[in-house]
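Pasted below: upload-v7.pdb, PDB, C-alpha atoms, pLDDT in the B column.
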MODEL        1
ATOM      1  CA  MET A   1       8.932   4.662  34.548  1.00 64.00           C
ATOM      2  CA  LYS A   2       5.950   5.552  36.753  1.00 61.00           C
ATOM      3  CA  ARG A   3       5.196   8.477  34.489  1.00 64.00           C
ATOM      4  CA  ILE A   4       5.112   6.266  31.385  1.00 63.00           C
ATOM      5  CA  LEU A   5       2.824   3.765  33.115  1.00 55.00           C
ATOM      6  CA  GLY A   6       0.559   6.615  34.209  1.00 57.00           C
ATOM      7  CA  ILE A   7       0.326   7.942  30.666  1.00 62.00           C
ATOM      8  CA  LEU A   8      -0.408   4.471  29.274  1.00 58.00           C
ATOM      9  CA  PHE A   9      -3.097   3.923  31.892  1.00 57.00           C
ATOM     10  CA  ALA A  10      -4.702   7.284  31.037  1.00 58.00           C
ATOM     11  CA  ILE A  11      -4.710   6.437  27.317  1.00 63.00           C
ATOM     12  CA  ILE A  12      -6.290   3.034  27.963  1.00 64.00           C
ATOM     13  CA  VAL A  13      -9.010   4.595  30.121  1.00 58.00           C
ATOM     14  CA  LEU A  14      -9.783   7.276  27.528  1.00 56.00           C
ATOM     15  CA  VAL A  15      -9.949   4.777  24.672  1.00 54.00           C
ATOM     16  CA  SER A  16     -12.188   2.377  26.594  1.00 53.00           C
ATOM     17  CA  CYS A  17     -14.543   5.154  27.688  1.00 50.00           C
ATOM     18  CA  ASN A  18     -14.806   6.533  24.163  1.00 47.00           C
ATOM     19  CA  SER A  19     -15.567   3.109  22.649  1.00 46.00           C
ATOM     20  CA  GLN A  20     -18.685   2.828  24.852  1.00 48.00           C
ATOM     21  CA  LYS A  21     -20.009   6.246  23.736  1.00 49.00           C
ATOM     22  CA  ILE A  22     -22.078   4.669  20.965  1.00 50.00           C
ATOM     23  CA  TYR A  23     -24.149   2.838  23.586  1.00 52.00           C
ATOM     24  CA  SER A  24     -25.137   6.013  25.428  1.00 61.00           C
ATOM     25  CA  ASP A  25     -25.270   8.669  22.702  1.00 77.00           C
ATOM     26  CA  PHE A  26     -28.461   7.857  20.762  1.00 89.00           C
ATOM     27  CA  ASP A  27     -31.917   9.281  20.052  1.00 90.00           C
ATOM     28  CA  ILE A  28     -33.703   5.933  19.720  1.00 93.00           C
ATOM     29  CA  SER A  29     -32.712   2.515  21.024  1.00 94.00           C
ATOM     30  CA  TYR A  30     -34.281  -0.853  20.232  1.00 95.00           C
ATOM     31  CA  SER A  31     -32.797  -3.914  21.888  1.00 95.00           C
ATOM     32  CA  LYS A  32     -33.682  -7.565  22.309  1.00 94.00           C
ATOM     33  CA  SER A  33     -31.902  -9.857  24.722  1.00 92.00           C
ATOM     34  CA  GLY A  34     -32.242 -13.054  26.700  1.00 88.00           C
ATOM     35  CA  GLY A  35     -33.700 -16.459  26.083  1.00 85.00           C
ATOM     36  CA  LEU A  36     -32.596 -19.983  26.878  1.00 85.00           C
ATOM     37  CA  ALA A  37     -29.904 -19.654  24.185  1.00 85.00           C
ATOM     38  CA  PRO A  38     -29.232 -15.948  24.768  1.00 89.00           C
ATOM     39  CA  ILE A  39     -29.241 -13.432  21.950  1.00 91.00           C
ATOM     40  CA  TYR A  40     -28.347  -9.757  22.028  1.00 94.00           C
ATOM     41  CA  GLU A  41     -29.680  -7.506  19.277  1.00 94.00           C
ATOM     42  CA  ASN A  42     -29.307  -3.717  19.332  1.00 95.00           C
ATOM     43  CA  LEU A  43     -30.388  -0.950  16.991  1.00 94.00           C
ATOM     44  CA  LEU A  44     -29.221   2.487  18.054  1.00 95.00           C
ATOM     45  CA  ILE A  45     -30.234   5.530  16.005  1.00 94.00           C
ATOM     46  CA  LYS A  46     -28.641   8.973  16.268  1.00 94.00           C
ATOM     47  CA  GLY A  47     -29.964  11.417  13.681  1.00 91.00           C
ATOM     48  CA  ASN A  48     -29.943   9.464  10.427  1.00 92.00           C
ATOM     49  CA  THR A  49     -27.111   7.139  11.460  1.00 94.00           C
ATOM     50  CA  ALA A  50     -27.895   3.692  12.809  1.00 94.00           C
ATOM     51  CA  TYR A  51     -25.659   1.192  14.570  1.00 96.00           C
ATOM     52  CA  TYR A  52     -26.831  -2.434  14.520  1.00 95.00           C
ATOM     53  CA  SER A  53     -25.311  -5.362  16.373  1.00 94.00           C
ATOM     54  CA  PHE A  54     -26.339  -8.965  16.847  1.00 93.00           C
ATOM     55  CA  GLU A  55     -24.750 -11.671  18.947  1.00 94.00           C
ATOM     56  CA  GLY A  56     -26.147 -15.147  19.472  1.00 90.00           C
ATOM     57  CA  GLN A  57     -26.828 -18.464  17.784  1.00 85.00           C
ATOM     58  CA  GLY A  58     -23.080 -18.765  17.235  1.00 87.00           C
ATOM     59  CA  LYS A  59     -22.993 -15.506  15.243  1.00 89.00           C
ATOM     60  CA  LYS A  60     -21.588 -12.075  15.932  1.00 92.00           C
ATOM     61  CA  PHE A  61     -22.448  -9.240  13.568  1.00 90.00           C
ATOM     62  CA  LYS A  62     -22.160  -5.429  13.493  1.00 93.00           C
ATOM     63  CA  GLN A  63     -23.174  -2.923  10.844  1.00 93.00           C
ATOM     64  CA  ASN A  64     -23.598   0.832  10.534  1.00 94.00           C
ATOM     65  CA  PHE A  65     -26.086   2.259   8.043  1.00 94.00           C
ATOM     66  CA  ASN A  66     -28.093   5.392   7.296  1.00 94.00           C
ATOM     67  CA  VAL A  67     -31.808   5.585   8.000  1.00 93.00           C
ATOM     68  CA  SER A  68     -33.751   7.730   5.549  1.00 93.00           C
ATOM     69  CA  ASN A  69     -35.861  10.658   6.717  1.00 93.00           C
ATOM     70  CA  GLU A  70     -38.856   8.791   5.299  1.00 94.00           C
ATOM     71  CA  ASP A  71     -38.134   5.730   7.461  1.00 93.00           C
ATOM     72  CA  LEU A  72     -37.636   7.916  10.537  1.00 93.00           C
ATOM     73  CA  SER A  73     -40.933   9.718   9.845  1.00 93.00           C
ATOM     74  CA  LYS A  74     -42.724   6.397   9.405  1.00 95.00           C
ATOM     75  CA  LEU A  75     -41.226   5.086  12.653  1.00 94.00           C
ATOM     76  CA  GLU A  76     -42.223   8.251  14.530  1.00 94.00           C
ATOM     77  CA  LYS A  77     -45.746   7.995  13.119  1.00 95.00           C
ATOM     78  CA  VAL A  78     -46.114   4.345  14.208  1.00 95.00           C
ATOM     79  CA  ILE A  79     -44.790   5.196  17.673  1.00 94.00           C
ATOM     80  CA  SER A  80     -47.222   8.121  18.020  1.00 95.00           C
ATOM     81  CA  GLN A  81     -50.251   6.298  16.593  1.00 95.00           C
ATOM     82  CA  ASN A  82     -49.706   3.396  18.980  1.00 95.00           C
ATOM     83  CA  ASN A  83     -49.382   5.650  22.048  1.00 93.00           C
ATOM     84  CA  PHE A  84     -45.885   4.531  23.048  1.00 93.00           C
ATOM     85  CA  ARG A  85     -45.876   6.628  26.218  1.00 91.00           C
ATOM     86  CA  ARG A  86     -49.197   5.173  27.391  1.00 92.00           C
ATOM     87  CA  ILE A  87     -48.264   1.511  26.975  1.00 92.00           C
ATOM     88  CA  GLU A  88     -48.431  -0.173  30.366  1.00 91.00           C
ATOM     89  CA  GLU A  89     -45.928  -2.782  31.426  1.00 89.00           C
ATOM     90  CA  ASP A  90     -47.079  -5.755  33.456  1.00 85.00           C
ATOM     91  CA  HIS A  91     -44.969  -6.515  36.513  1.00 79.00           C
ATOM     92  CA  LYS A  92     -45.396 -10.274  36.827  1.00 77.00           C
ATOM     93  CA  LYS A  93     -42.248 -12.383  36.775  1.00 71.00           C
ATOM     94  CA  VAL A  94     -41.371 -13.884  33.397  1.00 73.00           C
ATOM     95  CA  TYR A  95     -38.194 -15.905  32.931  1.00 73.00           C
ATOM     96  CA  ASP A  96     -36.165 -17.358  30.078  1.00 76.00           C
ATOM     97  CA  PHE A  97     -37.641 -15.502  27.150  1.00 84.00           C
ATOM     98  CA  ILE A  98     -36.328 -12.834  24.827  1.00 88.00           C
ATOM     99  CA  SER A  99     -37.328  -9.387  26.022  1.00 91.00           C
ATOM    100  CA  THR A 100     -37.462  -6.206  23.978  1.00 93.00           C
ATOM    101  CA  SER A 101     -36.681  -2.719  25.256  1.00 94.00           C
ATOM    102  CA  ILE A 102     -37.257   0.592  23.508  1.00 94.00           C
ATOM    103  CA  ILE A 103     -35.831   3.913  24.680  1.00 95.00           C
ATOM    104  CA  ILE A 104     -36.674   7.209  22.986  1.00 94.00           C
ATOM    105  CA  LYS A 105     -34.718  10.239  24.153  1.00 92.00           C
ATOM    106  CA  LYS A 106     -36.051  12.953  21.823  1.00 86.00           C
ATOM    107  CA  GLY A 107     -39.449  14.357  20.967  1.00 84.00           C
ATOM    108  CA  SER A 108     -42.951  14.049  22.297  1.00 87.00           C
ATOM    109  CA  ASN A 109     -42.671  10.269  22.619  1.00 89.00           C
ATOM    110  CA  SER A 110     -39.672  10.318  24.970  1.00 91.00           C
ATOM    111  CA  GLY A 111     -39.744   7.390  27.309  1.00 91.00           C
ATOM    112  CA  SER A 112     -38.654   3.860  28.003  1.00 93.00           C
ATOM    113  CA  LYS A 113     -40.686   0.661  27.726  1.00 92.00           C
ATOM    114  CA  THR A 114     -39.840  -3.022  27.981  1.00 91.00           C
ATOM    115  CA  ASP A 115     -41.711  -6.280  27.770  1.00 90.00           C
ATOM    116  CA  ALA A 116     -39.283  -7.965  30.183  1.00 87.00           C
ATOM    117  CA  SER A 117     -42.195  -8.545  32.551  1.00 84.00           C
ATOM    118  CA  ALA A 118     -44.763  -8.528  29.719  1.00 87.00           C
ATOM    119  CA  ILE A 119     -47.070  -5.844  28.379  1.00 90.00           C
ATOM    120  CA  MET A 120     -50.591  -5.393  29.724  1.00 91.00           C
ATOM    121  CA  PRO A 121     -53.119  -7.173  27.455  1.00 91.00           C
ATOM    122  CA  ASN A 122     -54.841  -3.938  26.330  1.00 93.00           C
ATOM    123  CA  TYR A 123     -51.528  -2.681  24.860  1.00 94.00           C
ATOM    124  CA  LYS A 124     -50.095  -5.835  23.233  1.00 94.00           C
ATOM    125  CA  THR A 125     -51.249  -4.827  19.740  1.00 95.00           C
ATOM    126  CA  ASN A 126     -49.697  -1.371  20.158  1.00 96.00           C
ATOM    127  CA  TRP A 127     -46.417  -2.924  21.328  1.00 95.00           C
ATOM    128  CA  THR A 128     -46.381  -5.396  18.435  1.00 95.00           C
ATOM    129  CA  ASN A 129     -46.993  -2.604  15.903  1.00 96.00           C
ATOM    130  CA  ILE A 130     -44.092  -0.572  17.300  1.00 95.00           C
ATOM    131  CA  THR A 131     -41.641  -3.481  17.492  1.00 96.00           C
ATOM    132  CA  SER A 132     -42.608  -4.518  13.946  1.00 96.00           C
ATOM    133  CA  ALA A 133     -41.707  -1.035  12.677  1.00 95.00           C
ATOM    134  CA  PHE A 134     -38.223  -1.384  14.172  1.00 95.00           C
ATOM    135  CA  GLN A 135     -37.865  -4.871  12.703  1.00 94.00           C
ATOM    136  CA  GLU A 136     -38.805  -3.515   9.257  1.00 94.00           C
ATOM    137  CA  ILE A 137     -35.951  -0.996   9.463  1.00 94.00           C
ATOM    138  CA  ILE A 138     -33.545  -3.770  10.455  1.00 93.00           C
ATOM    139  CA  ASN A 139     -34.746  -6.121   7.717  1.00 92.00           C
ATOM    140  CA  ALA A 140     -34.541  -3.405   5.039  1.00 91.00           C
ATOM    141  CA  ASN A 141     -31.058  -2.178   5.929  1.00 89.00           C
ATOM    142  CA  VAL A 142     -29.043  -4.959   7.534  1.00 87.00           C
ATOM    143  CA  LYS A 143     -27.222  -7.396   5.287  1.00 80.00           C
ATOM    144  CA  LYS A 144     -26.731 -10.388   7.552  1.00 66.00           C
ATOM    145  CA  GLN A 145     -23.971 -12.791   6.687  1.00 53.00           C
TER     146      GLN A 145
ENDMDL
END
Structure encoded using C-alpha coordinates:
Amino acid sequence: MKRILGILFAIIVLVSCNSQKIYSDFDISYSKSGGLAPIYENLLIKGNTAYYSFEGQGKKFKQNFNVSNEDLSKLEKVISQNNFRRIEEDHKKVYDFISTSIIIKKGSNSGSKTDASAIMPNYKTNWTNITSAFQEIINANVKKQ
(Lines of atoms letter the chains of each structure in order from A and count residues from 1; the text may use other names and numbers.)
(Lines give C-alpha, C1' and ligand atoms only; values in the text may rest on other atoms or scores of the structure.)
Protein backbone atom coordinates (compact mmCIF):
# COMPACT_ATOMS: atom_id res chain seq x y z
CA MET A 1 0.00 0.00 0.00
CA LYS A 2 2.83 2.41 0.88
CA ARG A 3 4.48 1.61 -2.42
CA ILE A 4 1.34 2.46 -4.39
CA LEU A 5 0.93 5.74 -2.51
CA GLY A 6 4.59 6.55 -3.16
CA ILE A 7 4.18 5.92 -6.88
CA LEU A 8 1.02 8.04 -7.02
CA PHE A 9 2.75 10.86 -5.17
CA ALA A 10 5.71 10.72 -7.59
CA ILE A 11 3.37 10.86 -10.60
CA ILE A 12 1.48 13.84 -9.17
CA VAL A 13 4.74 15.71 -8.51
CA LEU A 14 6.05 15.01 -12.02
CA VAL A 15 2.82 16.09 -13.68
CA SER A 16 2.56 19.29 -11.65
CA CYS A 17 6.19 20.22 -12.30
CA ASN A 18 5.85 19.59 -16.03
CA SER A 19 2.68 21.70 -16.31
CA GLN A 20 4.60 24.76 -15.03
CA LYS A 21 7.38 24.32 -17.63
CA ILE A 22 5.65 26.69 -20.05
CA TYR A 23 6.10 29.53 -17.56
CA SER A 24 9.88 29.11 -17.34
CA ASP A 25 10.88 27.85 -20.79
CA PHE A 26 10.55 30.92 -23.04
CA ASP A 27 12.70 33.31 -25.08
CA ILE A 28 10.50 36.38 -24.60
CA SER A 29 7.93 37.13 -21.92
CA TYR A 30 5.43 39.99 -21.78
CA SER A 31 3.12 40.15 -18.79
CA LYS A 32 0.67 42.61 -17.29
CA SER A 33 -0.79 42.22 -13.83
CA GLY A 34 -2.38 44.10 -10.97
CA GLY A 35 -4.88 46.89 -10.63
CA LEU A 36 -7.80 47.54 -8.33
CA ALA A 37 -9.75 44.81 -10.17
CA PRO A 38 -6.73 42.59 -10.85
CA ILE A 39 -5.93 41.27 -14.30
CA TYR A 40 -3.25 38.83 -15.37
CA GLU A 41 -2.14 38.82 -19.00
CA ASN A 42 0.83 36.78 -20.25
CA LEU A 43 2.45 36.34 -23.64
CA LEU A 44 5.27 33.83 -23.67
CA ILE A 45 7.22 33.22 -26.88
CA LYS A 46 9.53 30.27 -27.51
CA GLY A 47 10.87 30.18 -31.07
CA ASN A 48 7.83 30.81 -33.25
CA THR A 49 5.33 29.41 -30.74
CA ALA A 50 3.42 31.75 -28.46
CA TYR A 51 1.33 31.00 -25.39
CA TYR A 52 -1.20 33.67 -24.39
CA SER A 53 -3.33 33.76 -21.27
CA PHE A 54 -5.66 36.33 -19.77
CA GLU A 55 -7.52 36.28 -16.49
CA GLY A 56 -9.59 39.12 -15.09
CA GLN A 57 -12.78 41.10 -15.55
CA GLY A 58 -14.68 37.86 -14.97
CA LYS A 59 -12.95 36.19 -17.93
CA LYS A 60 -10.38 33.44 -18.23
CA PHE A 61 -8.80 32.77 -21.61
CA LYS A 62 -5.85 30.79 -23.01
CA GLN A 63 -4.61 30.39 -26.56
CA ASN A 64 -1.53 29.05 -28.34
CA PHE A 65 -0.54 30.46 -31.73
CA ASN A 66 2.43 30.79 -34.06
CA VAL A 67 4.30 34.05 -34.45
CA SER A 68 5.69 34.65 -37.93
CA ASN A 69 9.38 35.30 -38.51
CA GLU A 70 8.36 38.71 -39.85
CA ASP A 71 6.56 39.59 -36.61
CA LEU A 72 9.52 38.37 -34.54
CA SER A 73 11.91 40.45 -36.66
CA LYS A 74 9.69 43.51 -36.29
CA LEU A 75 9.51 42.98 -32.52
CA GLU A 76 13.29 42.58 -32.27
CA LYS A 77 13.78 45.73 -34.33
CA VAL A 78 11.44 47.78 -32.10
CA ILE A 79 13.17 46.45 -28.98
CA SER A 80 16.62 47.32 -30.38
CA GLN A 81 15.64 50.74 -31.75
CA ASN A 82 14.14 51.73 -28.40
CA ASN A 83 17.21 50.63 -26.41
CA PHE A 84 15.43 48.09 -24.21
CA ARG A 85 18.54 47.36 -22.16
CA ARG A 86 19.13 51.05 -21.42
CA ILE A 87 15.61 51.84 -20.20
CA GLU A 88 15.81 52.97 -16.59
CA GLU A 89 13.22 51.99 -14.04
CA ASP A 90 12.14 54.49 -11.42
CA HIS A 91 12.08 53.16 -7.87
CA LYS A 92 9.33 55.25 -6.30
CA LYS A 93 6.41 53.40 -4.77
CA VAL A 94 3.35 53.06 -7.01
CA TYR A 95 0.31 51.11 -5.86
CA ASP A 96 -2.90 49.76 -7.36
CA PHE A 97 -2.14 50.04 -11.04
CA ILE A 98 -1.50 47.51 -13.76
CA SER A 99 2.21 46.93 -14.23
CA THR A 100 3.94 45.48 -17.26
CA SER A 101 7.05 43.31 -17.21
CA ILE A 102 9.18 42.21 -20.14
CA ILE A 103 11.86 39.53 -19.96
CA ILE A 104 14.11 38.68 -22.91
CA LYS A 105 16.35 35.65 -22.49
CA LYS A 106 18.03 35.46 -25.92
CA GLY A 107 20.07 37.80 -28.07
CA SER A 108 21.73 41.15 -27.66
CA ASN A 109 18.69 42.62 -25.90
CA SER A 110 18.65 40.09 -23.05
CA GLY A 111 17.33 41.63 -19.90
CA SER A 112 14.36 42.29 -17.70
CA LYS A 113 12.40 45.52 -17.28
CA THR A 114 9.20 46.44 -15.47
CA ASP A 115 7.16 49.56 -14.93
CA ALA A 116 5.95 48.32 -11.53
CA SER A 117 7.63 51.33 -9.95
CA ALA A 118 7.35 53.42 -13.14
CA ILE A 119 9.81 54.18 -15.92
CA MET A 120 12.10 57.20 -15.78
CA PRO A 121 10.59 60.10 -17.79
CA ASN A 122 13.37 60.10 -20.44
CA TYR A 123 12.49 56.48 -21.37
CA LYS A 124 8.67 56.51 -21.29
CA THR A 125 8.37 56.85 -25.08
CA ASN A 126 10.78 53.94 -25.59
CA TRP A 127 8.80 51.80 -23.13
CA THR A 128 5.49 52.68 -24.79
CA ASN A 129 6.87 51.80 -28.24
CA ILE A 130 8.05 48.40 -27.00
CA THR A 131 4.85 47.54 -25.13
CA SER A 132 2.79 48.62 -28.16
CA ALA A 133 4.72 46.17 -30.35
CA PHE A 134 3.79 43.32 -28.00
CA GLN A 135 0.17 44.47 -27.93
CA GLU A 136 0.09 44.46 -31.75
CA ILE A 137 1.16 40.80 -31.77
CA ILE A 138 -1.56 39.98 -29.25
CA ASN A 139 -4.24 41.92 -31.13
CA ALA A 140 -3.30 40.33 -34.47
CA ASN A 141 -3.21 36.74 -33.24
CA VAL A 142 -5.52 36.30 -30.27
CA LYS A 143 -9.19 35.62 -30.91
CA LYS A 144 -10.80 36.69 -27.65
CA GLN A 145 -14.17 35.25 -26.83
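Shell of Phe26 (chain A) at 10 Å, with only C-alpha atoms counted and residues fewer than 4 places along the chain excluded, is Lys21, Ile22, Leu43, Leu44, Ile45, Lys46, Gly47, Thr49, Ala50, Tyr51, Ile103, Ile104, Lys105 and Lys106 of chain A.
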For this session: Please work out which residues fall within 12 Å of (-45.5, -9.2, 37.3), coordinates as given in the file, with all atoms listed in the file counting, and return them as number ranges by chain.
Result: A: 88-95, 115-120
For this session: Might you pull out every residue within 8 Å of region 30-35 of chain A, with only C-alpha atoms counted and same-chain residues fewer than 3 positions away left off, and present them as a PyMOL selection string?
Result: chain A and resi 38-44+96-103+134
Problem set entry | Contact residues around Ile130 (chain A) with all atoms listed in the file at 7 Å, ignoring same-chain residues under 4 positions, as number ranges by chain | A: 78-79, 126, 134
Restricting the output to C-alpha atoms, write the selected residues as a PDB file, in the frame of the given file.
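This went into part_2.pdb:
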ATOM      1  CA  VAL A  78     -46.114   4.345  14.208  1.00 95.00           C
ATOM      2  CA  ILE A  79     -44.790   5.196  17.673  1.00 94.00           C
ATOM      3  CA  ASN A 126     -49.697  -1.371  20.158  1.00 96.00           C
ATOM      4  CA  PHE A 134     -38.223  -1.384  14.172  1.00 95.00           C
TER       5      PHE A 134
END
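Take CA of Ser80 (chain A) and CA of Thr114 (chain A): the distance between them is 16.7 Å.
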For this session: Using CA of Ser29 (chain A) and CA of Gln57 (chain A) as the two end points, give the distance in Å to one decimal.
Result: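 A separation of 22.0 Å between them.
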Exercise. Exactly which residues make up the result of the PyMOL selection byres ((chain A and resi 76) around 12) on this file, given as a list in words?
Worked result: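 Given this file, the PyMOL selection byres ((chain A and resi 76) around 12) evaluates to Asp27, Ile28, Asn69, Glu70, Asp71, Leu72, Ser73, Lys74, Leu75, Lys77, Val78, Ile79, Ser80, Gln81, Asn82, Asn83, Phe84, Ile104, Lys106, Gly107, Ser108, Asn109, Ser110, Asn129, Ile130, Ala133 and Phe134 of chain A.
Here CA of Lys143 (chain A) and CA of Ser53 (chain A) stand 11.4 Å from one another.
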Problem set entry | Of the listed residues A:Gly111, A:Ile87, A:Glu136, A:Ser68, that which approaches Tyr123 (chain A) most closely, counting only C-alpha atoms |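 Closest residue, counting only C-alpha atoms: A:Ile87.
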Centre, edges in Å (one decimal): axis-aligned box, region 107-115 of chain A, 5 Å padding on all six sides, as AutoDock Vina command-line options:
--center_x -40.8 --center_y 4.0 --center_z 24.5 --size_x 14.3 --size_y 30.6 --size_z 17.0
